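Chemist: The structure under discussion is supplied below as structure tokens; questions concerning it will follow.
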Amino acid sequence: AQTVTQSQPEMSVQEAETVTLSCTYDTSESNYYLFWYKQPPSRQMILVIRQEAYKQQNATENRFSVNFQKAAKSFSLKISDSQLGDTAMYFCAFMNGGYGQNFVFGPGTRLSVLP
Amino acid sequence: DGGITQSPKYLFRKEGQNVTLSCEQNLNHDAMYWYRQDPGQGLRLIYYSQIVNDFQKGDIAEGYSVSREKKESFPLTVTSAQKNPTAFYLCASSIDSGGPTGELFFGEGSRLTVL
């Protein structure tokens, strides 16, 4: 069974600084997708960024980028120029390619951006 | 605007009562999902449905039931058999249960409290 681990239950960062959230996963599959979802205090889950395992290039979305290390099964999220609105729970998720019901979520990291 | 609507946002229930949470989507997505979220844990899959009139149990289906009579609707019933129903419930959908997209779109959630 696939598992997703986020070893940092809570983190904080000063506004305008950079922070990296860690995620590791375990799978024997070769075709899969990885995601970072954000859950702000409003509780609605929002997709931040996604990565296809077959792509070697790391995904980037504005201030958000990932460091995808397939051999190490690591998928960290870097947030640059942190903003107060980035305060949220961040969930790393894994999806077995072709099976949407097989989303597996990590326990989450609570990020606080401090003014 | 397209999206997923969950209702009610907050719900209180007495022990021994069944309660139904509504989930409606106008994204024309094939697959729909129900997740349960508890503090300190990632999302856990309760039920999912890939097409109308078909649904499958997820990891924690005991004490829950669903129906999928219409593509747009996937209500979840929390029965009296669910031993610890107090939680935050999230409904999600995806374009297809598989395929290259796979991204989950979420509703705003329903908070159920058993008194």
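Each chain in the structure tokens gets a letter, A, B, ..., in the order shown, and its residues are numbered from 1; ligands are numbered from 1 in order too.
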Got a sec to pull out which chain A residues are within 9 Å of chain B, counting only C-alpha atoms, and send them as a PyMOL selection string?

Modeler: chain A and resi 9+33+35+42-47+50+52+91+95-108

Chemist: Using only C-alpha atoms, which protein or nucleic acid residues come within 12 Å of Gly63 (chain B)? Drop anything in the same chain fewer than 5 positions from it, and give the result as a list in words.

Modeler: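 Everything that qualifies: Gly16, Gln17, Asn18, Val19, Ile46, Tyr47, Lys57, Gly58, Leu76, Thr77, Val78, Thr79, Ser80, Ala81, Gln82, Lys83, Asn84 and Pro85 of chain B.
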
Chemist: Can you list, as a ChimeraX atom specification, every protein, DNA or RNA residue that comes within 12 Å of Gln69 (chain A) when you count only C-alpha atoms, leaving out same-chain residues fewer than 3 positions away?

Modeler: /A:22-25,34,51-59,66,72-77

Chemist: Would you return as a list in words the members of region 29-81 of chain A that DSSP assigns to strand (DSSP E or B) on this structure's backbone?

Modeler: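 Listing strand (DSSP E or B) positions across region 29-81 of chain A yields Tyr32, Tyr33, Leu34, Phe35, Trp36, Tyr37, Lys38, Gln39, Ile46, Leu47, Val48, Ile49, Arg50, Gln51, Glu52, Thr60, Glu61, Phe64, Ser65, Val66, Asn67, Phe68, Gln69, Ser74, Phe75, Ser76, Leu77, Lys78 and Ile79 of chain A.
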
Chemist: Measuring atom to atom with only C-alpha atoms, identify which of A:Phe68, A:Leu114, A:Thr109, A:Val48 is nearest to Ala88 (chain A).

Modeler: A:Thr109

Chemist: Need the shell around region 12-14 of chain A: protein/DNA/RNA residues with any atom at most 12 Å away, counting only C-alpha atoms. Skip same-chain ones fewer than 3 positions apart. Format as a list in words?

Modeler: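 Those residues are Gln8, Pro9, Glu17, Thr18, Val19, Thr20, Leu21, Lys78, Ile79, Ser80, Asp81, Ser82, Gln83, Leu84, Asp86, Thr87, Ala88, Met89, Thr109, Arg110, Leu111, Ser112, Val113, Leu114 and Pro115 of chain A.
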
Chemist: For Tyr32 (chain A), which residue among A:Met11, A:Gln2, A:Thr60, A:Ala16 is the nearest when counting only C-alpha atoms?

Modeler: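 With only C-alpha atoms as the atom set, the closest residue is A:Gln2.
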
Chemist: Would you mind listing what lies within 12 Å of Lys70 (chain B) as a ChimeraX atom specification, with only C-alpha atoms counted and same-chain residues fewer than 6 positions away left out?

Modeler: /B:23-26,28-32,49-54

Chemist: Using Å and a single decimal, report how far CA of Lys70 (chain A) sits from CA of Trp36 (chain A).

Modeler: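 Interatomic distance here is 15.8 Å.
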
Chemist: My list of candidates is B:Tyr10, B:Leu115, B:Thr86, B:Ser73. Which is closest to Leu27 (chain B) when distances are computed with only C-alpha atoms?

Modeler: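 Closest to Leu27 (chain B) of all the choices is B:Ser73.
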
Chemist: I'd like the interatomic distance between CA of Ser65 (chain A) and CA of Gly85 (chain A), to a tenth of an Å.

Modeler: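 CA of Ser65 (chain A) sits 16.8 Å away from CA of Gly85 (chain A).
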
Chemist: Can you list, as a PyMOL selection string, every residue of region 3-102 of chain A that DSSP puts in helix (DSSP H, G or I)?

Modeler: chain A and resi 84-86+100-102
